[in-house]
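Student: Below you'll find data_37.cif; it's mmCIF, C-alpha atoms.
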data_upload
loop_
_atom_site.group_PDB
_atom_site.id
_atom_site.type_symbol
_atom_site.label_atom_id
_atom_site.label_comp_id
_atom_site.auth_asym_id
_atom_site.auth_seq_id
_atom_site.Cartn_x
_atom_site.Cartn_y
_atom_site.Cartn_z
ATOM 1 C CA MET A 26 1.876 16.264 1.642
ATOM 2 C CA ALA A 27 5.409 15.181 0.856
ATOM 3 C CA LEU A 28 5.636 12.715 -1.977
ATOM 4 C CA ASP A 29 8.995 11.383 -0.910
ATOM 5 C CA CYS A 30 8.592 9.352 2.201
ATOM 6 C CA LEU A 31 9.861 6.524 4.305
ATOM 7 C CA ARG A 32 13.432 5.775 4.987
ATOM 8 C CA GLY A 33 16.233 5.902 2.500
ATOM 9 C CA GLY A 34 14.267 7.754 -0.167
ATOM 10 C CA LEU A 35 11.728 5.126 -1.164
ATOM 11 C CA SER A 36 9.811 7.221 -3.604
ATOM 12 C CA LEU A 37 6.139 7.553 -4.423
ATOM 13 C CA ARG A 38 6.599 10.200 -7.121
ATOM 14 C CA GLY A 39 4.120 9.894 -9.923
ATOM 15 C CA PHE A 40 1.329 8.185 -8.015
ATOM 16 C CA ASP A 41 -2.137 9.675 -8.161
ATOM 17 C CA VAL A 42 -2.731 11.531 -4.944
ATOM 18 C CA TRP A 43 -5.303 9.105 -3.611
ATOM 19 C CA LEU A 44 -3.118 6.105 -4.400
ATOM 20 C CA GLU A 45 -0.195 7.655 -2.610
ATOM 21 C CA GLN A 46 -1.662 6.481 0.707
ATOM 22 C CA ALA A 47 -2.190 2.926 -0.493
ATOM 23 C CA ALA A 48 1.327 2.783 -1.949
ATOM 24 C CA GLY A 49 2.780 4.291 1.214
ATOM 25 C CA ALA A 50 0.898 1.786 3.353
ATOM 26 C CA LEU A 51 2.209 -1.153 1.309
ATOM 27 C CA LEU A 52 5.791 0.131 1.379
ATOM 28 C CA THR A 53 5.576 0.582 5.145
ATOM 29 C CA LEU A 54 3.951 -2.819 5.679
ATOM 30 C CA ALA A 55 6.939 -4.378 3.896
ATOM 31 C CA LEU A 56 9.515 -2.843 6.246
ATOM 32 C CA HIS A 57 11.396 -5.556 8.175
ATOM 33 C CA ASN A 58 8.499 -7.987 7.793
ATOM 34 C CA VAL A 59 9.274 -10.915 5.527
ATOM 35 C CA PRO A 60 5.765 -12.445 5.415
ATOM 36 C CA ASN A 61 4.385 -9.051 4.375
ATOM 37 C CA GLN A 62 7.147 -8.613 1.788
ATOM 38 C CA ILE A 63 6.192 -11.970 0.289
ATOM 39 C CA ALA A 64 2.441 -11.256 0.395
ATOM 40 C CA ILE A 65 2.812 -7.788 -1.159
ATOM 41 C CA SER A 66 5.209 -8.897 -3.896
ATOM 42 C CA THR A 67 3.048 -11.913 -4.717
ATOM 43 C CA GLU A 68 -0.160 -9.840 -4.933
ATOM 44 C CA LEU A 69 1.453 -7.130 -7.064
ATOM 45 C CA ILE A 70 3.074 -9.594 -9.449
ATOM 46 C CA GLU A 71 -0.146 -11.590 -9.728
ATOM 47 C CA MET A 72 -1.905 -8.404 -10.764
ATOM 48 C CA LEU A 73 0.790 -7.671 -13.370
ATOM 49 C CA ARG A 74 0.383 -11.174 -14.798
ATOM 50 C CA GLY A 75 -3.157 -10.177 -15.728
ATOM 51 C CA TYR A 76 -1.936 -7.393 -18.010
ATOM 52 C CA PRO A 77 -3.443 -6.596 -20.467
ATOM 53 C CA SER A 78 -6.517 -8.844 -20.114
ATOM 54 C CA THR A 79 -7.578 -8.298 -16.484
ATOM 55 C CA CYS A 80 -5.129 -5.596 -15.412
ATOM 56 C CA SER A 81 -5.500 -2.171 -17.024
ATOM 57 C CA ALA A 82 -2.536 -0.256 -18.452
ATOM 58 C CA LYS A 83 -2.840 2.362 -15.708
ATOM 59 C CA ALA A 84 -2.940 -0.291 -12.978
ATOM 60 C CA ALA A 85 0.099 -2.006 -14.499
ATOM 61 C CA GLU A 86 1.861 1.341 -14.510
ATOM 62 C CA HIS A 87 1.172 1.888 -10.798
ATOM 63 C CA VAL A 88 2.052 -1.675 -9.833
ATOM 64 C CA THR A 89 5.296 -1.574 -11.817
ATOM 65 C CA GLN A 90 6.218 1.680 -10.152
ATOM 66 C CA LEU A 91 5.444 0.274 -6.724
ATOM 67 C CA LEU A 92 7.590 -2.807 -7.406
ATOM 68 C CA GLY A 93 10.388 -0.439 -8.435
ATOM 69 C CA SER A 94 9.955 1.475 -5.179
ATOM 70 C CA LEU A 95 9.992 -1.761 -3.179
ATOM 71 C CA ALA A 96 13.159 -2.826 -5.002
ATOM 72 C CA GLN A 97 14.929 0.256 -3.696
ATOM 73 C CA ASP A 98 15.102 -1.597 -0.390
ATOM 74 C CA ASP A 99 17.501 -4.505 -0.687
ATOM 75 C CA GLU A 100 15.343 -6.522 1.739
ATOM 76 C CA ASN A 101 12.679 -6.770 -0.959
ATOM 77 C CA ARG A 102 14.811 -7.597 -4.007
ATOM 78 C CA GLY A 103 15.192 -11.311 -3.459
ATOM 79 C CA VAL A 104 11.529 -11.632 -2.481
ATOM 80 C CA ILE A 105 10.351 -9.873 -5.645
ATOM 81 C CA ALA A 106 12.634 -12.015 -7.793
ATOM 82 C CA LYS A 107 11.476 -15.234 -6.098
ATOM 83 C CA ALA A 108 7.838 -14.240 -6.549
ATOM 84 C CA GLY A 109 8.399 -14.054 -10.312
ATOM 85 C CA GLY A 110 8.889 -10.310 -10.615
ATOM 86 C CA VAL A 111 11.738 -10.381 -13.122
ATOM 87 C CA PRO A 112 9.835 -11.791 -16.136
ATOM 88 C CA GLU A 113 6.844 -9.583 -15.351
ATOM 89 C CA LEU A 114 8.968 -6.443 -15.186
ATOM 90 C CA ALA A 115 10.683 -7.526 -18.406
ATOM 91 C CA ARG A 116 7.233 -7.887 -19.972
ATOM 92 C CA GLN A 117 6.345 -4.360 -18.879
ATOM 93 C CA LEU A 118 9.619 -3.173 -20.380
ATOM 94 C CA ALA A 119 8.524 -4.697 -23.675
ATOM 95 C CA LEU A 120 4.774 -4.076 -23.681
ATOM 96 C CA GLY A 121 3.875 -1.534 -21.011
ATOM 97 C CA SER A 122 3.103 2.165 -21.233
ATOM 98 C CA GLU A 123 5.998 4.653 -21.325
ATOM 99 C CA PRO A 124 5.935 5.275 -17.540
ATOM 100 C CA ALA A 125 5.654 1.520 -16.904
ATOM 101 C CA MET A 126 8.669 0.894 -19.149
ATOM 102 C CA ALA A 127 10.725 3.449 -17.247
ATOM 103 C CA SER A 128 9.714 1.990 -13.865
ATOM 104 C CA ALA A 129 10.355 -1.545 -15.118
ATOM 105 C CA ALA A 130 13.838 -0.633 -16.338
ATOM 106 C CA SER A 131 14.866 0.944 -13.051
ATOM 107 C CA GLY A 132 13.235 -1.884 -11.086
ATOM 108 C CA LEU A 133 15.119 -4.505 -13.087
ATOM 109 C CA ALA A 134 18.400 -2.657 -12.599
ATOM 110 C CA LEU A 135 17.797 -2.759 -8.832
ATOM 111 C CA LEU A 136 16.737 -6.416 -8.840
ATOM 112 C CA ALA A 137 19.878 -7.233 -10.789
ATOM 113 C CA LEU A 138 21.944 -6.217 -7.768
ATOM 114 C CA GLY A 139 20.622 -9.387 -6.120
ATOM 115 C CA SER A 140 19.706 -11.606 -9.073
ATOM 116 C CA ARG A 141 21.899 -10.481 -11.930
ATOM 117 C CA ALA A 142 21.782 -13.696 -13.936
ATOM 118 C CA THR A 143 17.979 -13.892 -13.923
ATOM 119 C CA VAL A 144 17.509 -10.251 -14.869
ATOM 120 C CA THR A 145 20.137 -10.367 -17.572
ATOM 121 C CA GLN A 146 18.627 -13.489 -19.113
ATOM 122 C CA GLU A 147 15.240 -11.790 -19.370
ATOM 123 C CA LEU A 148 16.764 -8.672 -20.892
ATOM 124 C CA VAL A 149 18.830 -10.655 -23.353
ATOM 125 C CA LYS A 150 15.657 -12.447 -24.456
ATOM 126 C CA LEU A 151 14.174 -9.052 -25.258
ATOM 127 C CA LEU A 152 17.173 -8.256 -27.444
ATOM 128 C CA ALA A 153 15.848 -10.857 -29.867
ATOM 129 C CA SER A 154 12.544 -8.972 -30.165
ATOM 130 C CA GLU A 155 11.436 -8.032 -33.651
ATOM 131 C CA ASP A 156 10.496 -4.612 -32.303
ATOM 132 C CA GLU A 157 13.427 -2.217 -32.599
ATOM 133 C CA ALA A 158 12.135 -0.063 -29.718
ATOM 134 C CA VAL A 159 11.995 -3.071 -27.393
ATOM 135 C CA ARG A 160 15.558 -4.038 -28.346
ATOM 136 C CA GLN A 161 16.733 -0.509 -27.614
ATOM 137 C CA ARG A 162 15.015 -0.451 -24.230
ATOM 138 C CA ALA A 163 16.462 -3.841 -23.315
ATOM 139 C CA SER A 164 19.908 -2.647 -24.347
ATOM 140 C CA SER A 165 19.500 0.471 -22.256
ATOM 141 C CA ALA A 166 18.313 -1.567 -19.258
ATOM 142 C CA LEU A 167 21.329 -3.867 -19.629
ATOM 143 C CA ARG A 168 23.539 -0.815 -19.556
ATOM 144 C CA ASP A 169 21.849 0.213 -16.289
ATOM 145 C CA VAL A 170 22.388 -3.281 -14.901
ATOM 146 C CA ALA A 171 26.068 -3.097 -15.833
ATOM 147 C CA ALA A 172 26.394 0.352 -14.289
ATOM 148 C CA GLY A 173 24.683 -0.823 -11.092
ATOM 149 C CA GLU A 174 26.951 -3.837 -10.887
ATOM 150 C CA LYS A 175 29.999 -1.652 -11.402
ATOM 151 C CA MET A 176 28.904 0.737 -8.643
ATOM 152 C CA ASN A 177 28.211 -2.172 -6.345
ATOM 153 C CA LYS A 178 31.646 -3.613 -6.989
ATOM 154 C CA ALA A 179 33.294 -0.265 -6.442
ATOM 155 C CA GLN A 180 31.459 0.109 -3.139
ATOM 156 C CA ARG A 181 32.610 -3.352 -2.059
ATOM 157 C CA GLN A 182 36.199 -2.770 -3.064
ATOM 158 C CA GLY A 183 36.438 0.772 -1.758
ATOM 159 C CA SER A 184 39.097 2.849 -3.437
ATOM 160 C CA LYS A 185 40.614 -0.137 -5.262
ATOM 161 C CA SER A 186 37.789 -0.048 -7.831
ATOM 162 C CA ASN A 187 37.748 -1.852 -11.192
ATOM 163 C CA SER A 188 41.259 -1.866 -12.545
ATOM 164 C CA GLY A 189 40.981 -5.337 -14.033
ATOM 165 C CA GLY A 190 39.335 -4.508 -17.308
ATOM 166 C CA GLY A 191 35.659 -4.380 -16.369
ATOM 167 C CA GLY A 192 34.545 -8.017 -16.582
ATOM 168 C CA GLY A 193 30.891 -8.749 -15.865
ATOM 169 C CA CYS A 194 28.291 -7.078 -18.039
ATOM 170 C CA ALA A 195 30.204 -4.197 -19.606
ATOM 171 C CA PRO A 196 31.709 -6.162 -22.517
ATOM 172 C CA LEU A 197 28.315 -7.782 -23.012
ATOM 173 C CA VAL A 198 26.602 -4.448 -23.284
ATOM 174 C CA ARG A 199 29.183 -3.187 -25.770
ATOM 175 C CA LEU A 200 28.794 -6.371 -27.794
ATOM 176 C CA LEU A 201 25.041 -6.119 -27.739
ATOM 177 C CA GLN A 202 25.074 -2.481 -28.722
ATOM 178 C CA ASP A 203 27.419 -3.208 -31.592
ATOM 179 C CA GLY A 204 25.230 -6.157 -32.490
ATOM 180 C CA LEU A 205 22.210 -3.897 -32.688
ATOM 181 C CA LYS A 206 24.052 -1.480 -34.932
ATOM 182 C CA ASP A 207 25.116 -4.346 -37.170
ATOM 183 C CA GLY A 208 21.621 -5.734 -37.484
ATOM 184 C CA ASN A 209 21.234 -7.622 -34.218
ATOM 185 C CA VAL A 210 23.046 -10.809 -35.282
ATOM 186 C CA GLU A 211 25.546 -10.949 -32.444
ATOM 187 C CA ALA A 212 22.913 -9.951 -29.928
ATOM 188 C CA GLN A 213 20.774 -12.923 -30.827
ATOM 189 C CA GLU A 214 23.735 -15.252 -30.762
ATOM 190 C CA TYR A 215 24.656 -13.931 -27.340
ATOM 191 C CA ALA A 216 21.198 -14.739 -26.035
ATOM 192 C CA HIS A 217 22.144 -18.417 -26.284
ATOM 193 C CA ARG A 218 25.559 -18.022 -24.708
ATOM 194 C CA TRP A 219 24.757 -15.703 -21.808
ATOM 195 C CA PRO A 220 23.410 -18.184 -19.222
ATOM 196 C CA LEU A 221 26.707 -20.094 -19.152
ATOM 197 C CA MET A 222 28.778 -16.948 -18.943
ATOM 198 C CA ALA A 223 26.533 -15.447 -16.272
ATOM 199 C CA SER A 224 26.856 -18.488 -14.038
ATOM 200 C CA ASP A 225 30.633 -18.316 -14.431
ATOM 201 C CA GLY A 226 30.545 -14.731 -13.310
ATOM 202 C CA LEU A 227 28.502 -15.446 -10.233
ATOM 203 C CA MET B 9 -1.314 2.960 18.910
ATOM 204 C CA ALA B 10 -4.572 3.729 20.688
ATOM 205 C CA ILE B 11 -6.506 3.022 17.494
ATOM 206 C CA ALA B 12 -4.914 -0.403 17.199
ATOM 207 C CA GLU B 13 -5.371 -1.206 20.888
ATOM 208 C CA SER B 14 -9.036 -0.264 20.634
ATOM 209 C CA GLY B 15 -9.559 -2.752 17.819
ATOM 210 C CA GLY B 16 -9.531 -0.124 15.084
ATOM 211 C CA ILE B 17 -7.507 -2.006 12.508
ATOM 212 C CA VAL B 18 -10.197 -4.444 11.401
ATOM 213 C CA PRO B 19 -12.817 -1.704 10.778
ATOM 214 C CA LEU B 20 -10.227 0.328 8.871
ATOM 215 C CA VAL B 21 -9.388 -2.647 6.685
ATOM 216 C CA ASN B 22 -13.101 -3.235 6.143
ATOM 217 C CA LEU B 23 -13.416 0.395 5.071
ATOM 218 C CA LEU B 24 -11.144 -0.434 2.112
ATOM 219 C CA ARG B 25 -14.076 -2.495 0.824
ATOM 220 C CA ALA B 26 -16.245 0.578 1.325
ATOM 221 C CA GLY B 27 -19.777 -0.705 1.310
ATOM 222 C CA GLY B 28 -22.098 -2.135 -1.295
ATOM 223 C CA PRO B 29 -23.109 -1.034 -4.784
ATOM 224 C CA GLU B 30 -25.458 1.605 -3.344
ATOM 225 C CA VAL B 31 -22.460 3.631 -2.155
ATOM 226 C CA GLN B 32 -21.590 6.557 -4.435
ATOM 227 C CA PRO B 33 -18.191 6.107 -6.155
ATOM 228 C CA GLU B 34 -16.925 9.435 -4.744
ATOM 229 C CA VAL B 35 -17.894 8.404 -1.221
ATOM 230 C CA ARG B 36 -16.300 5.017 -1.711
ATOM 231 C CA LYS B 37 -13.104 6.561 -3.027
ATOM 232 C CA ALA B 38 -12.916 9.034 -0.135
ATOM 233 C CA ALA B 39 -13.470 6.238 2.384
ATOM 234 C CA GLN B 40 -10.790 4.087 0.777
ATOM 235 C CA GLU B 41 -8.317 6.959 0.674
ATOM 236 C CA THR B 42 -8.966 7.764 4.338
ATOM 237 C CA ALA B 43 -8.624 4.117 5.346
ATOM 238 C CA ALA B 44 -5.422 3.694 3.343
ATOM 239 C CA GLY B 45 -3.995 6.850 4.944
ATOM 240 C CA ALA B 46 -4.841 5.635 8.429
ATOM 241 C CA LEU B 47 -3.373 2.198 7.732
ATOM 242 C CA HIS B 48 -0.259 3.850 6.322
ATOM 243 C CA ALA B 49 0.198 5.747 9.579
ATOM 244 C CA LEU B 50 -0.557 2.702 11.725
ATOM 245 C CA ALA B 51 1.872 0.528 9.749
ATOM 246 C CA ARG B 52 4.765 2.582 11.086
ATOM 247 C CA ALA B 53 4.484 0.497 14.262
ATOM 248 C CA PRO B 54 5.954 -2.970 13.535
ATOM 249 C CA ALA B 55 3.265 -4.789 15.562
ATOM 250 C CA ASN B 56 0.539 -3.156 13.488
ATOM 251 C CA ARG B 57 2.112 -4.483 10.269
ATOM 252 C CA VAL B 58 1.258 -7.973 11.448
ATOM 253 C CA SER B 59 -2.267 -6.990 12.539
ATOM 254 C CA ILE B 60 -3.031 -5.228 9.239
ATOM 255 C CA ALA B 61 -1.828 -8.232 7.272
ATOM 256 C CA ASP B 62 -3.823 -10.611 9.487
ATOM 257 C CA ALA B 63 -6.931 -8.516 8.909
ATOM 258 C CA GLY B 64 -6.532 -9.008 5.150
ATOM 259 C CA GLY B 65 -5.309 -5.490 4.395
ATOM 260 C CA ILE B 66 -2.616 -6.356 1.870
ATOM 261 C CA PRO B 67 -4.773 -7.740 -0.981
ATOM 262 C CA LEU B 68 -7.305 -4.965 -0.437
ATOM 263 C CA LEU B 69 -4.637 -2.274 -0.658
ATOM 264 C CA VAL B 70 -3.238 -3.872 -3.813
ATOM 265 C CA THR B 71 -6.716 -4.060 -5.341
ATOM 266 C CA LEU B 72 -6.994 -0.272 -5.025
ATOM 267 C CA PHE B 73 -4.411 0.031 -7.793
ATOM 268 C CA ASP B 74 -6.702 -1.702 -10.194
ATOM 269 C CA ILE B 75 -9.775 0.326 -9.342
ATOM 270 C CA ALA B 76 -8.095 3.697 -9.364
ATOM 271 C CA ASP B 77 -7.930 4.572 -13.034
ATOM 272 C CA GLY B 78 -11.632 5.306 -13.412
ATOM 273 C CA SER B 79 -12.129 3.158 -16.512
ATOM 274 C CA ASP B 80 -15.375 1.251 -16.972
ATOM 275 C CA GLU B 81 -13.454 -1.964 -16.479
ATOM 276 C CA SER B 82 -12.097 -0.679 -13.189
ATOM 277 C CA LYS B 83 -15.478 0.517 -12.010
ATOM 278 C CA GLU B 84 -16.712 -3.028 -12.436
ATOM 279 C CA GLN B 85 -13.871 -4.171 -10.239
ATOM 280 C CA VAL B 86 -14.977 -1.747 -7.539
ATOM 281 C CA MET B 87 -18.121 -3.812 -7.378
ATOM 282 C CA THR B 88 -16.093 -6.998 -7.260
ATOM 283 C CA THR B 89 -14.189 -5.822 -4.202
ATOM 284 C CA ASP B 90 -17.503 -5.710 -2.340
ATOM 285 C CA ASP B 91 -17.502 -9.476 -2.473
ATOM 286 C CA PHE B 92 -14.332 -9.864 -0.441
#
Show the structure stored in the file as structure tokens.
Tutor:
Amino acid sequence: MALDCLRGGLSLRGFDVWLEQAAGALLTLALHNVPNQIAISTELIEMLRGYPSTCSAKAAEHVTQLLGSLAQDDENRGVIAKAGGVPELARQLALGSEPAMASAASGLALLALGSRATVTQELVKLLASEDEAVRQRASSALRDVAAGEKMNKAQRQGSKSNSGGGGGCAPLVRLLQDGLKDGNVEAQEYAHRWPLMASDGL
Amino acid sequence: MAIAESGGIVPLVNLLRAGGPEVQPEVRKAAQETAAGALHALARAPANRVSIADAGGIPLLVTLFDIADGSDESKEQVMTTDDF
């Protein structure tokens, strides 16, 4: 059975074979059906909230991956964000298993196309983590967010593209990366300044 | 479509619960996989998406993610899903 299914490349790669059907059913139920999108996102995020006490690491991994797959469809991004998906994906980025971290990072990058300020705030919070690995993952996710934003802008502007010096997240990411190299001082300072700058940019 | 028109969605959703504690885990898992596959196929028709949701399919499908890893904790949750 093909693991890639549904329109536009929504992907079920990495699911256990028997869960593939359940994941496929949920992705299909969400197509062009707002009440279902809300119900599915709410149920999945509620399950993630239980991690690690009532939701196992493996379940969190699957749910995070499914949220990432749902976020590939722009219809679902706002719904996932409104249902509280951003902080939960950020939590998986910080605390989840390796596959969950990877799914969370790509999911957040997709959600950022619709809710950049919210996603960036959560990622910037993680940059203040005492765990070096978490800071690195947050930095990497921010880079993905910036890249996604840049691609989005380029698509909107056609061949004109970004000649105006980048703007948006790119300088932030450079600053944060430099901050990490210098011992994370600037990164932490930026965490306080970002919300104002993000709202200016939107 | 014939399955939906014949009232097949509700029994398929019920199959996700897959019986009581006397049901063997392998049998339960096979039944749930079959039901999820059938619901996946049926969900391709927009009208069935509403019927599956109305029958309570969404929380049951989501619950499968938590009972799929085979841990003792998850096996307990298989029992819990019987109470739906």
Student: Just say which residues the PyMOL selection byres ((chain B and resi 54-61) around 9) picks in this file, as a PyMOL selection string.
Tutor: (chain A and resi 53-58+60-61+64) or (chain B and resi 9+12+17-18+21+47+50-53+62-67)
Student: Any idea which chain B residues end up within 6 Å of chain A if we count all atoms listed in the file, as a ChimeraX atom specification please?
Tutor: /B:41,44-45,48,51,57,69,73-74
Student: I need the chosen residues saved as a compact mmCIF listing (two decimals), keeping the file's coordinate frame, with C-alpha atoms.
Tutor:
# COMPACT_ATOMS: atom_id res chain seq x y z
CA GLU B 41 -8.32 6.96 0.67
CA ALA B 44 -5.42 3.69 3.34
CA GLY B 45 -4.00 6.85 4.94
CA HIS B 48 -0.26 3.85 6.32
CA ALA B 51 1.87 0.53 9.75
CA ARG B 57 2.11 -4.48 10.27
CA LEU B 69 -4.64 -2.27 -0.66
CA PHE B 73 -4.41 0.03 -7.79
CA ASP B 74 -6.70 -1.70 -10.19
Student: Taking (18.6, -7.7, -6.4) in the file's coordinates as the center, which residues reach within 10 Å of it, counting all atoms listed in the file, put as a list in words?
Tutor: Ala96, Gln97, Asp98, Asp99, Glu100, Asn101, Arg102, Gly103, Val104, Ile105, Ala106, Val111, Gly132, Leu133, Ala134, Leu135, Leu136, Ala137, Leu138, Gly139, Ser140, Arg141, Thr143 and Val144 of chain A
Student: Could you tell me how far CA of Glu123 in chain A lies from CA of Arg162 in chain A, in Å and to one decimal?
Tutor: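 Those two atoms sit 10.8 Å apart.
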Student: Could you tell me how far CA of Ala163 in chain A sits from CA of Leu148 in chain A, in Å to one decimal place?
Tutor: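 A separation of 5.4 Å between them.
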Student: I need the output of the PyMOL selection byres ((chain A and resi 151) around 10) for this file as a PDB file with C-alpha atoms, in the frame of the given file; which residues are they?
Tutor:
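Wrote it out as out31.pdb, contents follow:
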ATOM      1  CA  ALA A 115      10.683  -7.526 -18.406  1.00  0.00           C
ATOM      2  CA  ARG A 116       7.233  -7.887 -19.972  1.00  0.00           C
ATOM      3  CA  LEU A 118       9.619  -3.173 -20.380  1.00  0.00           C
ATOM      4  CA  ALA A 119       8.524  -4.697 -23.675  1.00  0.00           C
ATOM      5  CA  THR A 145      20.137 -10.367 -17.572  1.00  0.00           C
ATOM      6  CA  GLN A 146      18.627 -13.489 -19.113  1.00  0.00           C
ATOM      7  CA  GLU A 147      15.240 -11.790 -19.370  1.00  0.00           C
ATOM      8  CA  LEU A 148      16.764  -8.672 -20.892  1.00  0.00           C
ATOM      9  CA  VAL A 149      18.830 -10.655 -23.353  1.00  0.00           C
ATOM     10  CA  LYS A 150      15.657 -12.447 -24.456  1.00  0.00           C
ATOM     11  CA  LEU A 152      17.173  -8.256 -27.444  1.00  0.00           C
ATOM     12  CA  ALA A 153      15.848 -10.857 -29.867  1.00  0.00           C
ATOM     13  CA  SER A 154      12.544  -8.972 -30.165  1.00  0.00           C
ATOM     14  CA  GLU A 155      11.436  -8.032 -33.651  1.00  0.00           C
ATOM     15  CA  ASP A 156      10.496  -4.612 -32.303  1.00  0.00           C
ATOM     16  CA  VAL A 159      11.995  -3.071 -27.393  1.00  0.00           C
ATOM     17  CA  ARG A 160      15.558  -4.038 -28.346  1.00  0.00           C
ATOM     18  CA  GLN A 161      16.733  -0.509 -27.614  1.00  0.00           C
ATOM     19  CA  ARG A 162      15.015  -0.451 -24.230  1.00  0.00           C
ATOM     20  CA  ALA A 163      16.462  -3.841 -23.315  1.00  0.00           C
ATOM     21  CA  SER A 164      19.908  -2.647 -24.347  1.00  0.00           C
ATOM     22  CA  ALA A 212      22.913  -9.951 -29.928  1.00  0.00           C
ATOM     23  CA  GLN A 213      20.774 -12.923 -30.827  1.00  0.00           C
ATOM     24  CA  ALA A 216      21.198 -14.739 -26.035  1.00  0.00           C
TER      25      ALA A 216
END
Student: Quick one: pull the distance between CA of Leu24 in chain B and CA of Arg74 in chain A, Å, one decimal.
Tutor: 23.1 Å
Student: Using the file's own x, y and z axes, so that the box edges lie along x, y and z, what centre and edge lengths in Å (one decimal) does a box around every listed atom of range 34-49 of chain B get when 6 Å is added on each side? Give it as JSON.
Tutor:
{"center_x": -8.8, "center_y": 5.8, "center_z": 2.4, "size_x": 30.1, "size_y": 19.2, "size_z": 26.3}
Student: With distances taken over all atoms listed in the file, which of A:Leu73, A:Ala158, A:Ala142, A:Met126 is nearest to Glu113 in chain A?
Tutor: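 Smallest distance to Glu113 in chain A is found for A:Leu73.
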